[in-house]
$ cat upload.cif   # mmCIF, C-alpha atoms; chains and numbers go by the auth columns
data_target
#
loop_
_atom_site.group_PDB
_atom_site.id
_atom_site.type_symbol
_atom_site.label_atom_id
_atom_site.label_comp_id
_atom_site.label_asym_id
_atom_site.label_seq_id
_atom_site.Cartn_x
_atom_site.Cartn_y
_atom_site.Cartn_z
_atom_site.B_iso_or_equiv
_atom_site.auth_seq_id
_atom_site.auth_asym_id
ATOM 1 C CA MET A 1 -11.950 -21.477 -13.667 0.00 144 U
ATOM 2 C CA ILE A 2 -14.653 -20.587 -11.165 0.00 145 U
ATOM 3 C CA LYS A 3 -17.241 -23.277 -10.532 0.00 146 U
ATOM 4 C CA SER A 4 -18.353 -22.298 -7.033 0.00 147 U
ATOM 5 C CA VAL A 5 -18.538 -19.087 -5.014 0.00 148 U
ATOM 6 C CA THR A 6 -18.472 -18.923 -1.229 0.00 149 U
ATOM 7 C CA VAL A 7 -20.527 -16.059 0.170 0.00 150 U
ATOM 8 C CA PHE A 8 -20.164 -14.763 3.716 0.00 151 U
ATOM 9 C CA CYS A 9 -23.154 -12.800 5.039 0.00 152 U
ATOM 10 C CA SER A 10 -25.472 -12.021 7.911 0.00 153 U
ATOM 11 C CA SER A 11 -28.113 -14.318 9.357 0.00 154 U
ATOM 12 C CA SER A 12 -30.027 -11.319 10.735 0.00 155 U
ATOM 13 C CA SER A 13 -33.521 -10.673 9.413 0.00 156 U
ATOM 14 C CA LYS A 14 -33.629 -7.215 11.011 0.00 157 U
ATOM 15 C CA VAL A 15 -31.369 -5.442 8.500 0.00 158 U
ATOM 16 C CA ALA A 16 -32.695 -2.878 6.014 0.00 159 U
ATOM 17 C CA PRO A 17 -34.410 -3.986 2.774 0.00 160 U
ATOM 18 C CA VAL A 18 -31.507 -2.723 0.645 0.00 161 U
ATOM 19 C CA PHE A 19 -29.340 -5.509 2.062 0.00 162 U
ATOM 20 C CA HIS A 20 -32.012 -8.166 1.432 0.00 163 U
ATOM 21 C CA ASP A 21 -32.232 -6.923 -2.154 0.00 164 U
ATOM 22 C CA ALA A 22 -28.464 -7.212 -2.557 0.00 165 U
ATOM 23 C CA ALA A 23 -28.446 -10.766 -1.196 0.00 166 U
ATOM 24 C CA ALA A 24 -31.225 -11.774 -3.613 0.00 167 U
ATOM 25 C CA SER A 25 -29.410 -10.130 -6.511 0.00 168 U
ATOM 26 C CA LEU A 26 -26.172 -11.926 -5.681 0.00 169 U
ATOM 27 C CA GLY A 27 -27.808 -15.342 -5.295 0.00 170 U
ATOM 28 C CA ASP A 28 -29.561 -14.888 -8.630 0.00 171 U
ATOM 29 C CA ALA A 29 -26.374 -13.724 -10.381 0.00 172 U
ATOM 30 C CA ILE A 30 -24.275 -16.631 -9.069 0.00 173 U
ATOM 31 C CA ALA A 31 -26.851 -19.137 -10.319 0.00 174 U
ATOM 32 C CA ARG A 32 -27.091 -17.436 -13.725 0.00 175 U
ATOM 33 C CA GLN A 33 -23.329 -17.854 -14.136 0.00 176 U
ATOM 34 C CA ASN A 34 -23.853 -21.591 -13.551 0.00 177 U
ATOM 35 C CA TRP A 35 -21.729 -21.348 -10.422 0.00 178 U
ATOM 36 C CA THR A 36 -22.567 -23.274 -7.258 0.00 179 U
ATOM 37 C CA LEU A 37 -23.369 -21.170 -4.203 0.00 180 U
ATOM 38 C CA VAL A 38 -21.481 -22.217 -1.060 0.00 181 U
ATOM 39 C CA TYR A 39 -22.638 -20.476 2.106 0.00 182 U
ATOM 40 C CA GLY A 40 -23.237 -20.813 5.837 0.00 183 U
ATOM 41 C CA GLY A 41 -26.240 -23.119 5.519 0.00 184 U
ATOM 42 C CA ASN A 42 -28.790 -21.211 7.590 0.00 185 U
ATOM 43 C CA ASP A 43 -32.282 -20.246 6.418 0.00 186 U
ATOM 44 C CA THR A 44 -32.464 -16.906 8.201 0.00 187 U
ATOM 45 C CA GLY A 45 -31.589 -13.332 7.298 0.00 188 U
ATOM 46 C CA LEU A 46 -29.458 -12.589 4.273 0.00 189 U
ATOM 47 C CA MET A 47 -28.321 -16.218 4.244 0.00 190 U
ATOM 48 C CA GLY A 48 -31.852 -17.421 3.571 0.00 191 U
ATOM 49 C CA VAL A 49 -32.532 -14.713 0.980 0.00 192 U
ATOM 50 C CA LEU A 50 -29.281 -15.529 -0.838 0.00 193 U
ATOM 51 C CA ALA A 51 -29.927 -19.279 -1.011 0.00 194 U
ATOM 52 C CA ARG A 52 -33.573 -18.960 -2.032 0.00 195 U
ATOM 53 C CA ALA A 53 -32.661 -16.576 -4.853 0.00 196 U
ATOM 54 C CA ALA A 54 -29.964 -18.937 -6.137 0.00 197 U
ATOM 55 C CA ARG A 55 -32.391 -21.872 -6.112 0.00 198 U
ATOM 56 C CA LYS A 56 -35.123 -19.830 -7.793 0.00 199 U
ATOM 57 C CA ALA A 57 -32.680 -19.095 -10.643 0.00 200 U
ATOM 58 C CA GLY A 58 -31.908 -22.805 -10.998 0.00 201 U
ATOM 59 C CA GLY A 59 -28.608 -22.801 -9.110 0.00 202 U
ATOM 60 C CA LYS A 60 -27.038 -25.460 -6.936 0.00 203 U
ATOM 61 C CA VAL A 61 -26.657 -24.582 -3.245 0.00 204 U
ATOM 62 C CA ILE A 62 -24.229 -26.071 -0.727 0.00 205 U
ATOM 63 C CA GLY A 63 -24.707 -25.159 2.926 0.00 206 U
ATOM 64 C CA VAL A 64 -22.132 -25.656 5.670 0.00 207 U
ATOM 65 C CA THR A 65 -23.330 -25.232 9.230 0.00 208 U
ATOM 66 C CA PRO A 66 -22.430 -26.344 12.752 0.00 209 U
ATOM 67 C CA LYS A 67 -24.695 -28.872 14.499 0.00 210 U
ATOM 68 C CA LEU A 68 -25.507 -26.086 16.974 0.00 211 U
ATOM 69 C CA PHE A 69 -27.679 -24.397 14.333 0.00 212 U
ATOM 70 C CA LEU A 70 -29.247 -27.679 13.286 0.00 213 U
ATOM 71 C CA ASP A 71 -30.281 -28.199 16.897 0.00 214 U
ATOM 72 C CA HIS A 72 -31.867 -24.717 16.915 0.00 215 U
ATOM 73 C CA GLY A 73 -33.825 -25.454 13.738 0.00 216 U
ATOM 74 C CA VAL A 74 -32.417 -22.649 11.581 0.00 217 U
ATOM 75 C CA VAL A 75 -30.593 -24.667 8.919 0.00 218 U
ATOM 76 C CA ASP A 76 -31.632 -24.665 5.271 0.00 219 U
ATOM 77 C CA GLN A 77 -32.976 -28.159 4.655 0.00 220 U
ATOM 78 C CA LYS A 78 -33.491 -27.398 0.951 0.00 221 U
ATOM 79 C CA CYS A 79 -29.759 -27.241 0.182 0.00 222 U
ATOM 80 C CA ASP A 80 -28.601 -29.589 -2.575 0.00 223 U
ATOM 81 C CA GLU A 81 -25.859 -30.553 -0.137 0.00 224 U
ATOM 82 C CA LEU A 82 -26.007 -29.720 3.570 0.00 225 U
ATOM 83 C CA ILE A 83 -22.780 -30.325 5.460 0.00 226 U
ATOM 84 C CA ILE A 84 -23.116 -30.497 9.247 0.00 227 U
ATOM 85 C CA VAL A 85 -19.927 -29.857 11.208 0.00 228 U
ATOM 86 C CA ASN A 86 -19.018 -29.765 14.882 0.00 229 U
ATOM 87 C CA SER A 87 -17.490 -26.295 15.124 0.00 230 U
ATOM 88 C CA MET A 88 -17.179 -22.882 13.507 0.00 231 U
ATOM 89 C CA ARG A 89 -13.544 -23.681 12.691 0.00 232 U
ATOM 90 C CA GLU A 90 -14.633 -26.706 10.670 0.00 233 U
ATOM 91 C CA ARG A 91 -17.278 -24.637 8.956 0.00 234 U
ATOM 92 C CA LYS A 92 -14.765 -21.982 7.882 0.00 235 U
ATOM 93 C CA ALA A 93 -12.327 -24.583 6.598 0.00 236 U
ATOM 94 C CA ILE A 94 -14.973 -26.195 4.380 0.00 237 U
ATOM 95 C CA LEU A 95 -16.317 -22.841 3.192 0.00 238 U
ATOM 96 C CA GLU A 96 -12.783 -21.986 2.093 0.00 239 U
ATOM 97 C CA GLN A 97 -12.106 -25.367 0.500 0.00 240 U
ATOM 98 C CA ARG A 98 -15.360 -25.596 -1.440 0.00 241 U
ATOM 99 C CA GLY A 99 -15.291 -22.088 -2.913 0.00 242 U
ATOM 100 C CA ASP A 100 -13.261 -20.984 -5.945 0.00 243 U
ATOM 101 C CA ALA A 101 -13.948 -17.352 -5.003 0.00 244 U
ATOM 102 C CA PHE A 102 -15.095 -15.425 -1.944 0.00 245 U
ATOM 103 C CA ILE A 103 -17.630 -12.615 -1.626 0.00 246 U
ATOM 104 C CA ALA A 104 -18.648 -10.886 1.599 0.00 247 U
ATOM 105 C CA LEU A 105 -22.032 -9.218 1.719 0.00 248 U
ATOM 106 C CA PRO A 106 -22.585 -6.884 4.677 0.00 249 U
ATOM 107 C CA GLY A 107 -22.548 -8.820 7.922 0.00 250 U
ATOM 108 C CA GLY A 108 -21.479 -8.893 11.529 0.00 251 U
ATOM 109 C CA ILE A 109 -18.347 -10.065 13.314 0.00 252 U
ATOM 110 C CA GLY A 110 -18.709 -13.625 12.000 0.00 253 U
ATOM 111 C CA THR A 111 -18.800 -12.375 8.415 0.00 254 U
ATOM 112 C CA LEU A 112 -15.778 -10.174 9.051 0.00 255 U
ATOM 113 C CA GLU A 113 -13.861 -13.063 10.609 0.00 256 U
ATOM 114 C CA GLU A 114 -14.585 -15.335 7.641 0.00 257 U
ATOM 115 C CA TRP A 115 -13.699 -12.688 5.057 0.00 258 U
ATOM 116 C CA PHE A 116 -10.462 -11.693 6.772 0.00 259 U
ATOM 117 C CA GLU A 117 -9.401 -15.331 7.069 0.00 260 U
ATOM 118 C CA ALA A 118 -9.890 -15.763 3.316 0.00 261 U
ATOM 119 C CA LEU A 119 -7.963 -12.532 2.742 0.00 262 U
ATOM 120 C CA VAL A 120 -5.062 -13.570 4.966 0.00 263 U
ATOM 121 C CA GLY A 121 -4.915 -16.939 3.181 0.00 264 U
ATOM 122 C CA ARG A 122 -4.527 -15.006 -0.069 0.00 265 U
ATOM 123 C CA GLN A 123 -1.890 -12.711 1.467 0.00 266 U
ATOM 124 C CA LEU A 124 0.179 -15.657 2.706 0.00 267 U
ATOM 125 C CA GLY A 125 -0.009 -17.418 -0.644 0.00 268 U
ATOM 126 C CA TYR A 126 -2.098 -20.369 0.532 0.00 269 U
ATOM 127 C CA HIS A 127 -4.525 -19.679 -2.298 0.00 270 U
ATOM 128 C CA ALA A 128 -4.894 -17.338 -5.273 0.00 271 U
ATOM 129 C CA LYS A 129 -8.689 -17.167 -5.279 0.00 272 U
ATOM 130 C CA PRO A 130 -10.444 -13.824 -5.801 0.00 273 U
ATOM 131 C CA VAL A 131 -11.661 -12.107 -2.643 0.00 274 U
ATOM 132 C CA VAL A 132 -14.459 -9.544 -2.974 0.00 275 U
ATOM 133 C CA LEU A 133 -16.038 -7.122 -0.532 0.00 276 U
ATOM 134 C CA LEU A 134 -19.557 -6.221 -1.704 0.00 277 U
ATOM 135 C CA ASN A 135 -19.910 -2.728 -0.308 0.00 278 U
ATOM 136 C CA VAL A 136 -23.704 -2.448 -0.432 0.00 279 U
ATOM 137 C CA ASN A 137 -24.998 1.002 0.504 0.00 280 U
ATOM 138 C CA ASN A 138 -21.426 1.974 1.499 0.00 281 U
ATOM 139 C CA PHE A 139 -21.653 -0.381 4.477 0.00 282 U
ATOM 140 C CA TYR A 140 -17.955 -1.230 4.329 0.00 283 U
ATOM 141 C CA ASP A 141 -16.646 2.329 3.874 0.00 284 U
ATOM 142 C CA PRO A 142 -15.384 2.468 7.500 0.00 285 U
ATOM 143 C CA LEU A 143 -13.566 -0.857 7.038 0.00 286 U
ATOM 144 C CA LEU A 144 -11.957 0.319 3.802 0.00 287 U
ATOM 145 C CA LYS A 145 -10.875 3.514 5.543 0.00 288 U
ATOM 146 C CA MET A 146 -9.417 1.486 8.422 0.00 289 U
ATOM 147 C CA ILE A 147 -7.381 -0.575 5.964 0.00 290 U
ATOM 148 C CA ASP A 148 -6.173 2.595 4.213 0.00 291 U
ATOM 149 C CA ASP A 149 -5.336 4.164 7.593 0.00 292 U
ATOM 150 C CA GLY A 150 -3.427 1.008 8.503 0.00 293 U
ATOM 151 C CA ILE A 151 -1.423 1.312 5.299 0.00 294 U
ATOM 152 C CA ALA A 152 -0.680 4.984 5.995 0.00 295 U
ATOM 153 C CA ALA A 153 0.506 4.112 9.509 0.00 296 U
ATOM 154 C CA ASN A 154 2.601 1.136 8.296 0.00 297 U
ATOM 155 C CA PHE A 155 0.519 -1.469 10.112 0.00 298 U
ATOM 156 C CA VAL A 156 -0.806 -2.886 6.838 0.00 299 U
ATOM 157 C CA ARG A 157 1.305 -3.468 3.742 0.00 300 U
ATOM 158 C CA ALA A 158 0.259 -1.367 0.745 0.00 301 U
ATOM 159 C CA LYS A 159 0.106 -4.510 -1.403 0.00 302 U
ATOM 160 C CA SER A 160 -2.666 -5.829 0.847 0.00 303 U
ATOM 161 C CA ARG A 161 -5.090 -3.446 -0.876 0.00 304 U
ATOM 162 C CA GLU A 162 -4.419 -5.325 -4.121 0.00 305 U
ATOM 163 C CA LEU A 163 -5.456 -8.658 -2.594 0.00 306 U
ATOM 164 C CA PHE A 164 -9.178 -7.940 -2.709 0.00 307 U
ATOM 165 C CA HIS A 165 -11.709 -6.121 -4.828 0.00 308 U
ATOM 166 C CA ALA A 166 -14.270 -3.732 -3.357 0.00 309 U
ATOM 167 C CA ALA A 167 -17.450 -3.681 -5.453 0.00 310 U
ATOM 168 C CA ASN A 168 -20.472 -1.445 -4.951 0.00 311 U
ATOM 169 C CA THR A 169 -22.869 -3.563 -7.013 0.00 312 U
ATOM 170 C CA THR A 170 -23.549 -7.212 -7.706 0.00 313 U
ATOM 171 C CA ALA A 171 -22.792 -6.645 -11.387 0.00 314 U
ATOM 172 C CA THR A 172 -19.279 -5.307 -10.711 0.00 315 U
ATOM 173 C CA ALA A 173 -18.579 -8.106 -8.213 0.00 316 U
ATOM 174 C CA ILE A 174 -19.574 -10.749 -10.771 0.00 317 U
ATOM 175 C CA GLU A 175 -17.610 -8.973 -13.515 0.00 318 U
ATOM 176 C CA HIS A 176 -14.513 -9.093 -11.319 0.00 319 U
ATOM 177 C CA LEU A 177 -14.880 -12.850 -10.877 0.00 320 U
ATOM 178 C CA VAL A 178 -15.516 -13.441 -14.582 0.00 321 U
ATOM 179 C CA THR A 179 -12.416 -11.491 -15.635 0.00 322 U
ATOM 180 C CA TYR A 180 -10.162 -12.522 -12.731 0.00 323 U
ATOM 181 C CA GLN A 181 -6.686 -13.760 -13.594 0.00 324 U
ATOM 182 C CA ALA A 182 -5.071 -15.641 -10.712 0.00 325 U
ATOM 183 C CA PRO A 183 -1.461 -14.720 -9.925 0.00 326 U
ATOM 184 C CA GLU A 184 1.081 -17.494 -9.619 0.00 327 U
ATOM 185 C CA LEU A 185 1.332 -18.770 -6.072 0.00 328 U
ATOM 186 C CA ASP A 186 4.696 -18.485 -4.371 0.00 329 U
ATOM 187 C CA LEU A 187 4.471 -19.219 -0.644 0.00 330 U
ATOM 188 C CA LYS A 188 8.189 -18.574 -0.113 0.00 331 U
ATOM 189 C CA THR A 189 7.983 -15.101 -1.641 0.00 332 U
ATOM 190 C CA ALA A 190 4.767 -14.302 0.230 0.00 333 U
ATOM 191 C CA THR A 191 6.224 -15.174 3.625 0.00 334 U
ATOM 192 C CA HIS A 192 9.456 -13.333 2.812 0.00 335 U
ATOM 193 C CA GLU A 193 7.455 -10.209 1.999 0.00 336 U
ATOM 194 C CA LEU A 194 5.651 -10.447 5.323 0.00 337 U
ATOM 195 C CA SER A 195 8.876 -10.630 7.289 0.00 338 U
ATOM 196 C CA ARG A 196 10.415 -7.546 5.719 0.00 339 U
#
$ encode --input "upload.cif" --output "structure tokens"
Amino acid sequence: MIKSVTVFCSSSSKVAPVFHDAAASLGDAIARQNWTLVYGGNDTGLMGVLARAARKAGGKVIGVTPKLFLDHGVVDQKCDELIIVNSMRERKAILEQRGDAFIALPGGIGTLEEWFEALVGRQLGYHAKPVVLLNVNNFYDPLLKMIDDGIAANFVRAKSRELFHAANTTATAIEHLVTYQAPELDLKTATHELSR
């Protein structure tokens, strides 16, 4: 059962309004499901929009951020729980631990790193949590094509495409989480598949 959702997204305020709208929609939808939002803990860009929308809808917000950002004054002090860590590695570990599901809004290389780490954890059988790519305004089309090209060229296993859900709207992302049925974890089978 999902009680919390970890969202990976951009801290840039310079992105187009369509992405701000998507972040607000997602924050609102997570709160309306009575799920806790877990995110990167900053008050800038899509991160800030996401957290403010969740709070406005009555949701609980947990932020996880390195001390580096606290020192630069960009953390979200209004979080219900603000976890300050010493490194990005610690941040990722807690974001993964505290979330029962993962959604990536459009973002930069940090967002991609976080999302792929969650995806690889699913591939290796370390968790069976749902992993969603929210493809707002077709932002992730090139990434999806790269994954498909990797499958065609035998760099990526075809089953990898089944490990995540690509959604074009907040509604379809939330629907996927609501209806998600976790597969049984089998680390031995997962690692055997990878070695074949």
$ closest_residue --input "upload.cif" --among "U:Ala197, U:Val207, U:Ala310, U:Leu255" --to "Asp171 of chain U" --atoms "all atoms listed in the file"
U:Ala197
$ closest_residue --input "upload.cif" --among "U:Lys302, U:Ala309, U:Asp223, U:Glu318" --to "Leu287 of chain U" --atoms "all atoms listed in the file"
U:Ala309
$ residues_near_point --input "upload.cif" --point "(-25.1, 2.1, -1.9)" --cutoff "12 Å" --atoms "all atoms listed in the file" --output "list in words"
Val161, Phe162, Asp164, Ala165, Pro249, Leu277, Asn278, Val279, Asn280, Asn281, Phe282, Tyr283, Asp284, Ala310, Asn311, Thr312 and Thr313 of chain U
$ write_last_selection --input "upload.cif" --atoms "C-alpha atoms" --output "PDB file, keeping the file's coordinate frame"
ATOM      1  CA  VAL U 161     -31.507  -2.723   0.645  1.00  0.00           C
ATOM      2  CA  PHE U 162     -29.340  -5.509   2.062  1.00  0.00           C
ATOM      3  CA  ASP U 164     -32.232  -6.923  -2.154  1.00  0.00           C
ATOM      4  CA  ALA U 165     -28.464  -7.212  -2.557  1.00  0.00           C
ATOM      5  CA  PRO U 249     -22.585  -6.884   4.677  1.00  0.00           C
ATOM      6  CA  LEU U 277     -19.557  -6.221  -1.704  1.00  0.00           C
ATOM      7  CA  ASN U 278     -19.910  -2.728  -0.308  1.00  0.00           C
ATOM      8  CA  VAL U 279     -23.704  -2.448  -0.432  1.00  0.00           C
ATOM      9  CA  ASN U 280     -24.998   1.002   0.504  1.00  0.00           C
ATOM     10  CA  ASN U 281     -21.426   1.974   1.499  1.00  0.00           C
ATOM     11  CA  PHE U 282     -21.653  -0.381   4.477  1.00  0.00           C
ATOM     12  CA  TYR U 283     -17.955  -1.230   4.329  1.00  0.00           C
ATOM     13  CA  ASP U 284     -16.646   2.329   3.874  1.00  0.00           C
ATOM     14  CA  ALA U 310     -17.450  -3.681  -5.453  1.00  0.00           C
ATOM     15  CA  ASN U 311     -20.472  -1.445  -4.951  1.00  0.00           C
ATOM     16  CA  THR U 312     -22.869  -3.563  -7.013  1.00  0.00           C
ATOM     17  CA  THR U 313     -23.549  -7.212  -7.706  1.00  0.00           C
TER      18      THR U 313
END
$ closest_residue --input "upload.cif" --among "U:Gly183, U:Gly251, U:Pro326, U:Pro285" --to "Thr208 of chain U" --atoms "all atoms listed in the file"
U:Gly183
$ resolve_selection --input "upload.cif" --expression "the PyMOL selection byres ((chain U and resi 266) around 7)" --output "short mmCIF file (atom, residue, chain, number, x, y, z; two decimals) with C-alpha atoms, in the frame of the given file"
data_model
loop_
_atom_site.label_atom_id
_atom_site.label_comp_id
_atom_site.auth_asym_id
_atom_site.auth_seq_id
_atom_site.Cartn_x
_atom_site.Cartn_y
_atom_site.Cartn_z
CA LEU U 262 -7.96 -12.53 2.74
CA VAL U 263 -5.06 -13.57 4.97
CA GLY U 264 -4.92 -16.94 3.18
CA ARG U 265 -4.53 -15.01 -0.07
CA LEU U 267 0.18 -15.66 2.71
CA GLY U 268 -0.01 -17.42 -0.64
CA SER U 303 -2.67 -5.83 0.85
CA LEU U 306 -5.46 -8.66 -2.59
CA ALA U 333 4.77 -14.30 0.23
#
$ atom_distance --input "upload.cif" --atom1 "atom CA of Ala325 of chain U" --atom2 "atom CA of Met144 of chain U"
9.5 Å
$ resolve_selection --input "upload.cif" --expression "the PyMOL selection byres ((chain U and resi 218) around 12)" --output "mmCIF file with C-alpha atoms, in the frame of the given file"
data_model
loop_
_atom_site.group_PDB
_atom_site.id
_atom_site.type_symbol
_atom_site.label_atom_id
_atom_site.label_comp_id
_atom_site.auth_asym_id
_atom_site.auth_seq_id
_atom_site.Cartn_x
_atom_site.Cartn_y
_atom_site.Cartn_z
ATOM 1 C CA SER U 154 -28.113 -14.318 9.357
ATOM 2 C CA TYR U 182 -22.638 -20.476 2.106
ATOM 3 C CA GLY U 183 -23.237 -20.813 5.837
ATOM 4 C CA GLY U 184 -26.240 -23.119 5.519
ATOM 5 C CA ASN U 185 -28.790 -21.211 7.590
ATOM 6 C CA ASP U 186 -32.282 -20.246 6.418
ATOM 7 C CA THR U 187 -32.464 -16.906 8.201
ATOM 8 C CA GLY U 188 -31.589 -13.332 7.298
ATOM 9 C CA MET U 190 -28.321 -16.218 4.244
ATOM 10 C CA GLY U 191 -31.852 -17.421 3.571
ATOM 11 C CA ALA U 194 -29.927 -19.279 -1.011
ATOM 12 C CA ILE U 205 -24.229 -26.071 -0.727
ATOM 13 C CA GLY U 206 -24.707 -25.159 2.926
ATOM 14 C CA VAL U 207 -22.132 -25.656 5.670
ATOM 15 C CA THR U 208 -23.330 -25.232 9.230
ATOM 16 C CA PRO U 209 -22.430 -26.344 12.752
ATOM 17 C CA LYS U 210 -24.695 -28.872 14.499
ATOM 18 C CA LEU U 211 -25.507 -26.086 16.974
ATOM 19 C CA PHE U 212 -27.679 -24.397 14.333
ATOM 20 C CA LEU U 213 -29.247 -27.679 13.286
ATOM 21 C CA ASP U 214 -30.281 -28.199 16.897
ATOM 22 C CA HIS U 215 -31.867 -24.717 16.915
ATOM 23 C CA GLY U 216 -33.825 -25.454 13.738
ATOM 24 C CA VAL U 217 -32.417 -22.649 11.581
ATOM 25 C CA ASP U 219 -31.632 -24.665 5.271
ATOM 26 C CA GLN U 220 -32.976 -28.159 4.655
ATOM 27 C CA LYS U 221 -33.491 -27.398 0.951
ATOM 28 C CA CYS U 222 -29.759 -27.241 0.182
ATOM 29 C CA GLU U 224 -25.859 -30.553 -0.137
ATOM 30 C CA LEU U 225 -26.007 -29.720 3.570
ATOM 31 C CA ILE U 226 -22.780 -30.325 5.460
ATOM 32 C CA ILE U 227 -23.116 -30.497 9.247
#
$ closest_residue --input "upload.cif" --among "U:Ala271, U:Arg195, U:His319, U:Phe307" --to "Asp243 of chain U" --atoms "only C-alpha atoms"
U:Ala271
$ axis_aligned_box --input "upload.cif" --around "segment 238-257 of chain U" --padding-each-side "5 Å" --output "JSON"
{"center_x": -17.3, "center_y": -16.2, "center_z": 3.7, "size_x": 20.5, "size_y": 28.7, "size_z": 29.3}
$ atom_distance --input "upload.cif" --atom1 "atom CA of His308 of chain U" --atom2 "atom CA of Trp258 of chain U"
12.0 Å
$ residues_around --input "upload.cif" --residues "Thr149 of chain U" --least-positions-apart "4" --cutoff "7 Å" --atoms "all atoms listed in the file" --output "list in words"
Leu180, Val181, Tyr182, Leu238, Gly242, Ala244, Phe245 and Ile246 of chain U
$ closest_residue --input "upload.cif" --among "U:Thr315, U:Val150, U:Val204, U:Ala196" --to "Thr254 of chain U" --atoms "only C-alpha atoms"
U:Val150
$ closest_residue --input "upload.cif" --among "U:His163, U:Arg175, U:Lys272, U:Arg198" --to "Ile317 of chain U" --atoms "all atoms listed in the file"
U:Arg175
$ decode --input "upload.cif" --residues "segment 189-235 of chain U" --atoms "C-alpha atoms" --output "compact mmCIF listing (two decimals), in the first residue's frame"
# COMPACT_ATOMS: atom_id res chain seq x y z
CA LEU U 189 9.64 22.82 -9.69
CA MET U 190 10.62 21.56 -6.24
CA GLY U 191 9.11 24.61 -4.59
CA VAL U 192 5.99 24.54 -6.77
CA LEU U 193 5.46 20.84 -6.03
CA ALA U 194 5.78 21.21 -2.25
CA ARG U 195 3.62 24.33 -2.02
CA ALA U 196 0.85 22.67 -4.02
CA ALA U 197 0.92 19.59 -1.78
CA ARG U 198 0.72 21.74 1.35
CA LYS U 199 -2.07 23.87 -0.11
CA ALA U 200 -4.10 20.67 -0.64
CA GLY U 201 -3.52 19.65 2.98
CA GLY U 202 -0.72 17.15 2.33
CA LYS U 203 2.28 16.25 4.44
CA VAL U 204 5.68 17.13 2.97
CA ILE U 205 9.05 15.59 3.78
CA GLY U 206 12.15 17.28 2.37
CA VAL U 207 15.60 15.72 2.16
CA THR U 208 18.47 18.03 1.31
CA PRO U 209 22.23 18.28 1.76
CA LYS U 210 23.61 20.86 4.21
CA LEU U 211 25.16 22.57 1.17
CA PHE U 212 21.71 23.84 0.15
CA LEU U 213 20.84 24.82 3.70
CA ASP U 214 23.98 26.95 3.76
CA HIS U 215 22.87 28.62 0.50
CA GLY U 216 19.43 29.40 1.93
CA VAL U 217 17.35 27.50 -0.64
CA VAL U 218 15.80 24.81 1.57
CA ASP U 219 12.08 24.60 2.24
CA GLN U 220 11.71 25.50 5.91
CA LYS U 221 7.96 24.82 5.79
CA CYS U 222 8.38 21.05 5.37
CA ASP U 223 6.60 18.94 7.98
CA GLU U 224 9.91 17.10 8.26
CA LEU U 225 13.17 18.49 6.88
CA ILE U 226 16.05 16.03 6.84
CA ILE U 227 19.50 17.58 6.46
CA VAL U 228 22.21 15.24 5.19
CA ASN U 229 25.91 15.58 4.43
CA SER U 230 25.98 14.39 0.83
CA MET U 231 23.95 13.74 -2.31
CA ARG U 232 24.47 10.00 -1.78
CA GLU U 233 22.80 10.22 1.62
CA ARG U 234 20.00 12.26 0.14
CA LYS U 235 19.30 9.67 -2.57
